[in-house]
>>> print(open('final-v9.cif').read())   # mmCIF, C-alpha atoms
data_run
#
loop_
_atom_site.group_PDB
_atom_site.id
_atom_site.type_symbol
_atom_site.label_atom_id
_atom_site.label_comp_id
_atom_site.auth_asym_id
_atom_site.auth_seq_id
_atom_site.Cartn_x
_atom_site.Cartn_y
_atom_site.Cartn_z
ATOM 1 C CA MET A 1 16.159 91.496 25.944
ATOM 2 C CA GLY A 2 14.456 88.131 25.873
ATOM 3 C CA ASP A 3 15.916 84.660 25.946
ATOM 4 C CA SER A 4 18.928 85.297 23.776
ATOM 5 C CA GLY A 5 21.089 82.448 25.099
ATOM 6 C CA ASP A 6 20.495 80.234 22.087
ATOM 7 C CA ASP A 7 20.958 82.994 19.492
ATOM 8 C CA PRO A 8 24.259 81.557 18.171
ATOM 9 C CA ALA A 9 22.581 78.164 17.689
ATOM 10 C CA LEU A 10 19.688 79.806 15.848
ATOM 11 C CA VAL A 11 22.146 81.693 13.666
ATOM 12 C CA ALA A 12 23.961 78.446 12.834
ATOM 13 C CA GLN A 13 20.656 76.769 11.959
ATOM 14 C CA THR A 14 19.668 79.739 9.800
ATOM 15 C CA LEU A 15 22.964 79.520 7.960
ATOM 16 C CA ALA A 16 22.221 75.844 7.346
ATOM 17 C CA GLY A 17 18.957 76.887 5.662
ATOM 18 C CA ASP A 18 16.560 76.435 8.573
ATOM 19 C CA ARG A 19 13.718 78.864 7.871
ATOM 20 C CA ALA A 20 12.097 78.342 11.273
ATOM 21 C CA ALA A 21 15.311 79.331 13.058
ATOM 22 C CA PHE A 22 15.407 82.621 11.206
ATOM 23 C CA GLY A 23 11.720 83.076 12.026
ATOM 24 C CA THR A 24 12.470 82.637 15.729
ATOM 25 C CA LEU A 25 15.191 85.284 15.550
ATOM 26 C CA VAL A 26 12.837 87.676 13.755
ATOM 27 C CA GLU A 27 10.086 87.085 16.321
ATOM 28 C CA ARG A 28 12.518 87.582 19.183
ATOM 29 C CA TYR A 29 14.023 90.817 17.928
ATOM 30 C CA ALA A 30 11.161 92.342 15.916
ATOM 31 C CA PRO A 31 9.750 94.531 18.730
ATOM 32 C CA GLN A 32 13.191 95.848 19.625
ATOM 33 C CA ALA A 33 14.231 96.421 16.013
ATOM 34 C CA ARG A 34 10.999 98.258 15.253
ATOM 35 C CA ARG A 35 11.364 100.502 18.326
ATOM 36 C CA VAL A 36 14.972 101.342 17.536
ATOM 37 C CA ALA A 37 14.100 102.086 13.900
ATOM 38 C CA ARG A 38 11.195 104.236 15.042
ATOM 39 C CA ALA A 39 13.445 106.132 17.442
ATOM 40 C CA VAL A 40 15.606 107.028 14.451
ATOM 41 C CA LEU A 41 12.893 107.626 11.867
ATOM 42 C CA GLY A 42 9.807 108.687 13.778
ATOM 43 C CA ASP A 43 7.340 107.442 11.217
ATOM 44 C CA PRO A 44 6.129 103.913 12.084
ATOM 45 C CA ASP A 45 5.782 102.770 8.463
ATOM 46 C CA ASP A 46 9.247 103.950 7.537
ATOM 47 C CA ALA A 47 10.505 102.334 10.732
ATOM 48 C CA ASP A 48 8.993 98.981 9.784
ATOM 49 C CA ASP A 49 10.524 99.205 6.323
ATOM 50 C CA ALA A 50 13.904 99.951 7.883
ATOM 51 C CA ALA A 51 13.555 97.154 10.449
ATOM 52 C CA GLN A 52 12.709 94.738 7.655
ATOM 53 C CA ASP A 53 15.703 95.968 5.626
ATOM 54 C CA GLY A 54 17.786 95.385 8.736
ATOM 55 C CA PHE A 55 16.629 91.780 9.180
ATOM 56 C CA LEU A 56 17.172 90.911 5.524
ATOM 57 C CA SER A 57 20.536 92.655 5.487
ATOM 58 C CA ALA A 58 21.517 90.736 8.646
ATOM 59 C CA LEU A 59 20.513 87.517 6.892
ATOM 60 C CA VAL A 60 22.883 88.313 4.021
ATOM 61 C CA LYS A 61 25.701 89.173 6.447
ATOM 62 C CA LEU A 62 25.003 86.339 8.869
ATOM 63 C CA GLU A 63 28.280 84.571 8.130
ATOM 64 C CA GLN A 64 30.100 87.643 9.433
ATOM 65 C CA TYR A 65 28.452 87.358 12.864
ATOM 66 C CA ASP A 66 30.835 86.224 15.602
ATOM 67 C CA PRO A 67 28.889 83.706 17.754
ATOM 68 C CA ARG A 68 31.101 84.482 20.754
ATOM 69 C CA ARG A 69 29.508 87.912 20.948
ATOM 70 C CA PRO A 70 25.873 88.771 21.736
ATOM 71 C CA PHE A 71 23.585 88.771 18.722
ATOM 72 C CA GLY A 72 21.351 91.691 19.777
ATOM 73 C CA PRO A 73 23.892 94.521 19.501
ATOM 74 C CA TRP A 74 25.146 93.093 16.185
ATOM 75 C CA LEU A 75 21.631 93.055 14.777
ATOM 76 C CA MET A 76 20.709 96.450 16.223
ATOM 77 C CA ARG A 77 23.731 98.014 14.565
ATOM 78 C CA ILE A 78 22.479 96.769 11.206
ATOM 79 C CA VAL A 79 18.940 97.951 11.949
ATOM 80 C CA ALA A 80 20.153 101.381 13.115
ATOM 81 C CA ASN A 81 22.242 101.718 9.951
ATOM 82 C CA ALA A 82 19.275 100.700 7.806
ATOM 83 C CA ALA A 83 17.146 103.322 9.555
ATOM 84 C CA THR A 84 19.805 106.003 9.138
ATOM 85 C CA ASP A 85 20.169 105.157 5.440
ATOM 86 C CA ARG A 86 16.415 105.331 4.968
ATOM 87 C CA ARG A 87 16.258 108.644 6.776
ATOM 88 C CA ARG A 88 18.983 110.073 4.548
ATOM 89 C CA ARG A 89 17.143 108.918 1.437
ATOM 90 C CA ARG A 90 13.895 110.335 2.792
ATOM 91 C CA ASN A 91 15.526 113.675 3.574
ATOM 92 C CA VAL A 92 16.951 113.845 0.070
ATOM 93 C CA ARG A 93 13.541 112.978 -1.336
ATOM 94 C CA ARG A 94 11.573 115.408 0.808
ATOM 95 C CA ALA A 95 14.282 117.968 1.554
ATOM 96 C CA GLU A 96 12.594 118.890 4.793
ATOM 97 C CA PRO A 97 13.178 118.097 8.506
ATOM 98 C CA LEU A 98 11.413 115.419 10.514
ATOM 99 C CA ASP A 99 7.787 116.450 10.877
ATOM 100 C CA PRO A 100 6.723 116.307 14.577
ATOM 101 C CA SER A 101 3.086 115.706 13.601
ATOM 102 C CA LEU A 102 4.233 112.670 11.640
ATOM 103 C CA VAL A 103 6.176 111.491 14.664
ATOM 104 C CA GLY A 104 3.117 112.053 16.802
ATOM 105 C CA GLY A 105 1.309 109.433 14.761
ATOM 106 C CA GLY A 106 -1.587 111.335 13.159
ATOM 107 C CA PRO A 107 -4.558 109.381 11.893
ATOM 108 C CA ARG A 108 -2.703 106.060 11.452
ATOM 109 C CA PRO A 109 -4.015 102.582 12.185
ATOM 110 C CA ASP A 110 -1.518 102.010 14.999
ATOM 111 C CA ALA A 111 -2.375 105.356 16.601
ATOM 112 C CA VAL A 112 -5.120 103.498 18.422
ATOM 113 C CA ALA A 113 -2.511 101.514 20.306
ATOM 114 C CA VAL A 114 -0.311 104.480 21.173
ATOM 115 C CA ARG A 115 -2.634 107.410 21.441
ATOM 116 C CA SER A 116 -1.884 108.511 24.967
ATOM 117 C CA GLU A 117 -1.064 112.134 25.337
ATOM 118 C CA LEU A 118 2.180 111.237 27.090
ATOM 119 C CA GLY A 119 3.135 109.022 24.185
ATOM 120 C CA HIS A 120 2.499 111.865 21.741
ATOM 121 C CA ARG A 121 4.551 114.242 23.803
ATOM 122 C CA LEU A 122 7.404 111.806 24.228
ATOM 123 C CA ARG A 123 7.546 111.086 20.524
ATOM 124 C CA ALA A 124 7.488 114.795 19.764
ATOM 125 C CA ALA A 125 10.245 115.367 22.334
ATOM 126 C CA LEU A 126 12.275 112.538 20.827
ATOM 127 C CA ALA A 127 11.872 114.118 17.401
ATOM 128 C CA GLU A 128 13.456 117.285 18.730
ATOM 129 C CA LEU A 129 16.601 115.407 19.765
ATOM 130 C CA PRO A 130 19.455 114.727 17.357
ATOM 131 C CA GLU A 131 19.126 111.325 15.680
ATOM 132 C CA ARG A 132 22.064 109.710 17.485
ATOM 133 C CA ARG A 133 20.813 110.947 20.866
ATOM 134 C CA ARG A 134 17.360 109.532 20.240
ATOM 135 C CA ALA A 135 18.759 106.153 19.373
ATOM 136 C CA ALA A 136 21.167 106.185 22.324
ATOM 137 C CA VAL A 137 18.546 106.940 24.950
ATOM 138 C CA VAL A 138 16.120 104.346 23.561
ATOM 139 C CA LEU A 139 18.843 101.704 23.399
ATOM 140 C CA PHE A 140 19.820 102.450 27.001
ATOM 141 C CA ASP A 141 16.539 103.033 28.811
ATOM 142 C CA VAL A 142 14.164 100.949 26.700
ATOM 143 C CA GLU A 143 16.310 98.123 25.373
ATOM 144 C CA GLY A 144 18.729 97.898 28.295
ATOM 145 C CA TYR A 145 21.987 97.979 26.367
ATOM 146 C CA SER A 146 25.162 99.129 28.094
ATOM 147 C CA HIS A 147 27.054 102.237 27.057
ATOM 148 C CA ALA A 148 29.747 100.050 25.499
ATOM 149 C CA GLU A 149 27.156 98.138 23.492
ATOM 150 C CA ILE A 150 25.478 101.373 22.380
ATOM 151 C CA ALA A 151 28.871 102.666 21.307
ATOM 152 C CA GLY A 152 29.275 99.552 19.177
ATOM 153 C CA ILE A 153 25.773 99.791 17.734
ATOM 154 C CA LEU A 154 26.054 103.460 16.799
ATOM 155 C CA GLY A 155 29.726 103.297 15.822
ATOM 156 C CA ILE A 156 30.804 105.990 18.284
ATOM 157 C CA PRO A 157 33.258 106.104 21.227
ATOM 158 C CA GLU A 158 31.874 104.884 24.546
ATOM 159 C CA GLY A 159 32.309 108.320 26.122
ATOM 160 C CA THR A 160 30.201 109.841 23.369
ATOM 161 C CA ALA A 161 27.541 107.184 23.936
ATOM 162 C CA ARG A 162 27.432 108.083 27.647
ATOM 163 C CA SER A 163 27.137 111.750 26.798
ATOM 164 C CA GLU A 164 24.351 111.139 24.263
ATOM 165 C CA VAL A 165 22.374 109.057 26.750
ATOM 166 C CA PHE A 166 22.887 111.626 29.481
ATOM 167 C CA HIS A 167 21.728 114.597 27.427
ATOM 168 C CA GLY A 168 18.899 112.692 25.803
ATOM 169 C CA ARG A 169 17.365 111.451 29.022
ATOM 170 C CA ARG A 170 17.773 114.875 30.653
ATOM 171 C CA SER A 171 15.376 116.364 28.089
ATOM 172 C CA LEU A 172 12.965 113.477 28.289
ATOM 173 C CA ARG A 173 12.995 113.300 32.085
ATOM 174 C CA ALA A 174 12.112 116.972 32.244
ATOM 175 C CA LEU A 175 9.122 116.285 30.034
ATOM 176 C CA LEU A 176 8.134 113.343 32.198
ATOM 177 C CA GLU A 177 8.363 115.440 35.383
ATOM 178 C CA ASP A 178 6.189 118.152 33.827
ATOM 179 C CA TRP A 179 3.674 115.524 32.880
ATOM 180 C CA LYS A 180 3.506 114.154 36.430
ATOM 181 C CA GLU A 181 2.853 117.632 37.798
ATOM 182 C CA MET B 1 31.519 115.931 30.693
ATOM 183 C CA ASN B 2 34.452 113.598 31.365
ATOM 184 C CA ASN B 3 33.398 112.970 34.952
ATOM 185 C CA PRO B 4 31.752 109.542 35.048
ATOM 186 C CA GLU B 5 29.750 110.615 38.100
ATOM 187 C CA LEU B 6 27.716 112.820 35.795
ATOM 188 C CA PHE B 7 26.267 109.742 34.161
ATOM 189 C CA ASP B 8 23.809 107.325 35.612
ATOM 190 C CA HIS B 9 24.891 103.837 34.631
ATOM 191 C CA ARG B 10 21.514 102.254 35.265
ATOM 192 C CA PRO B 11 18.495 102.454 32.995
ATOM 193 C CA ASP B 12 15.654 104.656 34.223
ATOM 194 C CA PRO B 13 12.682 102.262 34.566
ATOM 195 C CA GLU B 14 10.084 105.030 34.575
ATOM 196 C CA LEU B 15 11.446 106.744 31.480
ATOM 197 C CA GLY B 16 12.072 103.372 29.855
ATOM 198 C CA THR B 17 8.476 102.251 30.395
ATOM 199 C CA ALA B 18 7.054 105.523 29.070
ATOM 200 C CA LEU B 19 9.309 105.457 26.002
ATOM 201 C CA ARG B 20 8.569 101.806 25.342
ATOM 202 C CA ALA B 21 4.834 102.573 25.370
ATOM 203 C CA ALA B 22 5.353 105.575 23.099
ATOM 204 C CA LEU B 23 7.390 103.612 20.568
ATOM 205 C CA GLN B 24 5.583 100.285 20.894
ATOM 206 C CA PRO B 25 4.757 99.097 17.382
ATOM 207 C CA ALA B 26 1.430 97.519 16.620
ATOM 208 C CA ASP B 27 1.010 93.890 15.584
ATOM 209 C CA ASP B 28 4.412 92.277 15.733
ATOM 210 C CA SER B 29 3.072 89.074 14.192
ATOM 211 C CA ALA B 30 2.081 90.882 10.969
ATOM 212 C CA PHE B 31 5.557 92.357 10.788
ATOM 213 C CA VAL B 32 7.149 88.932 11.297
ATOM 214 C CA ARG B 33 4.962 87.468 8.522
ATOM 215 C CA ARG B 34 6.017 90.264 6.209
ATOM 216 C CA VAL B 35 9.727 89.729 6.883
ATOM 217 C CA MET B 36 9.375 85.969 6.381
ATOM 218 C CA ALA B 37 7.504 86.503 3.111
ATOM 219 C CA ASN B 38 10.428 88.612 1.923
ATOM 220 C CA TYR B 39 12.817 85.920 3.176
ATOM 221 C CA ASP B 40 10.972 83.375 1.018
ATOM 222 C CA ARG B 41 11.029 85.659 -2.017
ATOM 223 C CA ALA B 42 14.755 86.308 -1.576
ATOM 224 C CA LEU B 43 15.350 82.570 -1.300
ATOM 225 C CA GLU B 44 13.366 81.895 -4.483
ATOM 226 C CA ARG B 45 15.406 84.470 -6.360
ATOM 227 C CA ALA B 46 18.647 82.988 -5.023
ATOM 228 C CA THR B 47 17.812 79.364 -5.957
ATOM 229 C CA VAL B 48 17.196 79.176 -9.691
ATOM 230 C CA PRO B 49 16.530 75.570 -10.826
ATOM 231 C CA THR B 50 19.340 73.866 -12.767
ATOM 232 C CA TRP B 51 17.258 73.300 -15.879
ATOM 233 C CA GLU B 52 16.570 77.038 -16.049
ATOM 234 C CA VAL B 53 20.285 77.733 -15.942
ATOM 235 C CA LEU B 54 20.881 75.177 -18.680
ATOM 236 C CA ALA B 55 18.025 76.611 -20.727
ATOM 237 C CA SER B 56 19.476 80.078 -20.398
ATOM 238 C CA TRP B 57 22.757 78.713 -21.743
ATOM 239 C CA PHE B 58 21.114 76.845 -24.646
ATOM 240 C CA ARG B 59 20.672 79.619 -27.231
ATOM 241 C CA PRO B 60 24.064 81.313 -26.882
ATOM 242 C CA GLY B 61 25.692 77.872 -26.699
ATOM 243 C CA LEU B 62 23.935 76.714 -29.858
ATOM 244 C CA ALA B 63 24.884 79.917 -31.691
ATOM 245 C CA ALA B 64 28.518 79.553 -30.612
ATOM 246 C CA ALA B 65 28.566 75.911 -31.799
ATOM 247 C CA ILE B 66 27.160 76.880 -35.218
ATOM 248 C CA VAL B 67 29.706 79.676 -35.615
ATOM 249 C CA ALA B 68 32.503 77.286 -34.622
ATOM 250 C CA LEU B 69 31.298 74.680 -37.149
ATOM 251 C CA ILE B 70 31.142 77.227 -39.976
ATOM 252 C CA ALA B 71 34.556 78.612 -39.093
ATOM 253 C CA GLY B 72 35.989 75.090 -38.965
ATOM 254 C CA PHE B 73 34.466 74.192 -42.318
ATOM 255 C CA VAL B 74 35.787 77.356 -43.997
ATOM 256 C CA PHE B 75 39.232 76.846 -42.505
ATOM 257 C CA GLY B 76 39.289 73.198 -43.557
ATOM 258 C CA GLN B 77 38.275 74.072 -47.104
ATOM 259 C CA ALA B 78 40.954 76.729 -47.271
ATOM 260 C CA VAL B 79 43.605 74.259 -46.110
ATOM 261 C CA LEU B 80 42.504 71.538 -48.538
ATOM 262 C CA ASN B 81 42.325 73.887 -51.512
ATOM 263 C CA SER B 82 45.658 75.553 -50.955
ATOM 264 C CA ARG B 83 48.386 74.211 -53.374
ATOM 265 C CA THR B 84 51.511 73.526 -51.446
ATOM 266 C CA PRO B 85 54.655 72.971 -53.647
ATOM 267 C CA GLU B 86 55.853 69.374 -53.425
ATOM 268 C CA SER B 87 59.541 70.154 -54.106
ATOM 269 C CA MET B 88 61.944 72.959 -54.833
ATOM 270 C CA GLU B 89 62.045 71.975 -58.485
ATOM 271 C CA THR B 90 58.282 72.155 -58.796
ATOM 272 C CA ALA B 91 58.319 75.526 -57.129
ATOM 273 C CA MET B 92 60.990 76.822 -59.444
ATOM 274 C CA ALA B 93 59.445 75.377 -62.589
ATOM 275 C CA PRO B 94 57.881 78.065 -64.765
ATOM 276 C CA VAL B 95 54.437 77.713 -66.132
ATOM 277 C CA GLU B 96 55.743 78.564 -69.620
ATOM 278 C CA GLY B 97 59.203 79.105 -71.241
ATOM 279 C CA PRO B 98 62.617 77.451 -70.831
ATOM 280 C CA GLY B 99 62.775 77.629 -67.076
ATOM 281 C CA LEU B 100 65.248 79.050 -64.572
ATOM 282 C CA ALA B 101 67.826 76.274 -65.080
ATOM 283 C CA ALA B 102 67.989 76.972 -68.815
ATOM 284 C CA LEU B 103 68.411 80.655 -68.198
ATOM 285 C CA VAL B 104 71.278 80.105 -65.752
ATOM 286 C CA THR B 105 73.177 77.632 -67.976
ATOM 287 C CA ALA B 106 72.670 79.540 -71.258
ATOM 288 C CA PRO B 107 75.891 81.014 -72.783
ATOM 289 C CA ASP B 108 74.142 84.239 -73.760
ATOM 290 C CA PRO B 109 72.846 86.759 -71.236
ATOM 291 C CA PRO B 110 69.116 86.317 -70.714
ATOM 292 C CA ASP B 111 66.476 88.687 -71.866
ATOM 293 C CA PRO B 112 65.516 90.709 -68.707
ATOM 294 C CA SER B 113 61.815 90.493 -69.560
ATOM 295 C CA VAL B 114 62.038 86.685 -69.483
ATOM 296 C CA VAL B 115 63.766 86.729 -66.070
ATOM 297 C CA PHE B 116 61.205 89.032 -64.550
ATOM 298 C CA THR B 117 58.332 87.111 -66.047
ATOM 299 C CA SER B 118 59.767 83.897 -64.637
ATOM 300 C CA LEU B 119 60.199 85.409 -61.137
ATOM 301 C CA VAL B 120 56.718 86.828 -61.124
ATOM 302 C CA GLU B 121 55.215 83.534 -62.247
ATOM 303 C CA SER B 122 57.099 81.562 -59.613
ATOM 304 C CA ARG B 123 55.432 83.699 -56.975
#
>>> encode(input="final-v9.cif", output="structure tokens")
Amino acid sequence: MGDSGDDPALVAQTLAGDRAAFGTLVERYAPQARRVARAVLGDPDDADDAAQDGFLSALVKLEQYDPRRPFGPWLMRIVANAATDRRRRRNVRRAEPLDPSLVGGGPRPDAVAVRSELGHRLRAALAELPERRRAAVVLFDVEGYSHAEIAGILGIPEGTARSEVFHGRRSLRALLEDWKE
Amino acid sequence: MNNPELFDHRPDPELGTALRAALQPADDSAFVRRVMANYDRALERATVPTWEVLASWFRPGLAAAIVALIAGFVFGQAVLNSRTPESMETAMAPVEGPGLAALVTAPDPPDPSVVFTSLVESR
């Protein structure tokens, strides 16, 4: 999860108006925030919008952050909420389910970077999972958060977080095994 | 489902690597620039210069001052022009006729029309 030891100091500097400190936090957590948002939303552009909303929302709420606790889960909760809100708005706007072809990337500029067949399949498989399960498995296996932290990020009991991770990775592991064969 | 042995407490490196590659966003630096540009815009909106605040107050403030001046002038004129009786005698004195004292001390009963006229005039 990167060098997060000085996060509280960076938060304090940001609160004091230090632009560079906020920039360091954004640089540090941008890849993670964008992945988590993409796990929820599927579409990379929507995910970036949600991740950006998350960072700016975190900036507004920064005084509420408890420096005795790790910054990452606090930020990821805001990002996940921003992504969920955006997804709800999008669903109201489009009134249709998540499009797997959209999740697969399609002819997008960043498709060049993630055009492997396995990547397409994994994204499509993720899109088939319920939203909370997608986020849980990505937070656990990609971002390395504990079940307790995932529970805090997603606002669910720890047992539910364990269950979501378990069921999510079972589907994805099966896909991975098929791919290897 | 409640048995903790069902759950693996460690991340799966193979699945994690594959998912990371599948979800890896392109060009983090462009994203960071975009967020910081929005940070700057939000900061600009939040910090409005003092003179702009004062300027925004100028017109309504000026209008309020003019209204207050006019109201003060009208009130002052009304107070100055109002005739306040200097004494009870002045107040009771009729504009015309023998007056209330003459009516009270007269041996004959007064003409009712004179009494009413006197009362109305004293108001």
>>> residues_around(input="final-v9.cif", residues="region 21-23 of chain A", least_positions_apart="2", cutoff="12 Å", atoms="only C-alpha atoms", output="NGL selection string")
(:A and (6-19 or 25-30 or 55-56 or 58-60 or 62)) or (:B and (29 or 31-40))
>>> resolve_selection(input="final-v9.cif", expression="the PyMOL selection byres ((chain B) within 12 of (chain A))", output="compact mmCIF listing (two decimals) with C-alpha atoms, in the frame of the given file")
# COMPACT_ATOMS: atom_id res chain seq x y z
CA MET B 1 31.52 115.93 30.69
CA ASN B 2 34.45 113.60 31.36
CA ASN B 3 33.40 112.97 34.95
CA PRO B 4 31.75 109.54 35.05
CA GLU B 5 29.75 110.62 38.10
CA LEU B 6 27.72 112.82 35.80
CA PHE B 7 26.27 109.74 34.16
CA ASP B 8 23.81 107.32 35.61
CA HIS B 9 24.89 103.84 34.63
CA ARG B 10 21.51 102.25 35.26
CA PRO B 11 18.50 102.45 32.99
CA ASP B 12 15.65 104.66 34.22
CA PRO B 13 12.68 102.26 34.57
CA GLU B 14 10.08 105.03 34.58
CA LEU B 15 11.45 106.74 31.48
CA GLY B 16 12.07 103.37 29.86
CA THR B 17 8.48 102.25 30.40
CA ALA B 18 7.05 105.52 29.07
CA LEU B 19 9.31 105.46 26.00
CA ARG B 20 8.57 101.81 25.34
CA ALA B 21 4.83 102.57 25.37
CA ALA B 22 5.35 105.58 23.10
CA LEU B 23 7.39 103.61 20.57
CA GLN B 24 5.58 100.28 20.89
CA PRO B 25 4.76 99.10 17.38
CA ALA B 26 1.43 97.52 16.62
CA ASP B 27 1.01 93.89 15.58
CA ASP B 28 4.41 92.28 15.73
CA SER B 29 3.07 89.07 14.19
CA ALA B 30 2.08 90.88 10.97
CA PHE B 31 5.56 92.36 10.79
CA VAL B 32 7.15 88.93 11.30
CA ARG B 33 4.96 87.47 8.52
CA ARG B 34 6.02 90.26 6.21
CA VAL B 35 9.73 89.73 6.88
CA MET B 36 9.38 85.97 6.38
CA ALA B 37 7.50 86.50 3.11
CA ASN B 38 10.43 88.61 1.92
CA TYR B 39 12.82 85.92 3.18
CA ASP B 40 10.97 83.38 1.02
CA ARG B 41 11.03 85.66 -2.02
CA ALA B 42 14.76 86.31 -1.58
CA LEU B 43 15.35 82.57 -1.30
CA ALA B 46 18.65 82.99 -5.02
CA THR B 47 17.81 79.36 -5.96
>>> residues_around(input="final-v9.cif", residues="region 151-155 of chain A", least_positions_apart="3", cutoff="7 Å", atoms="all atoms listed in the file", output="ChimeraX atom specification")
/A:73-74,76-77,147-148,158,161
>>> atom_distance(input="final-v9.cif", atom1="CA of Asp85 (chain A)", atom2="CA of Arg69 (chain A)")
25.0 Å
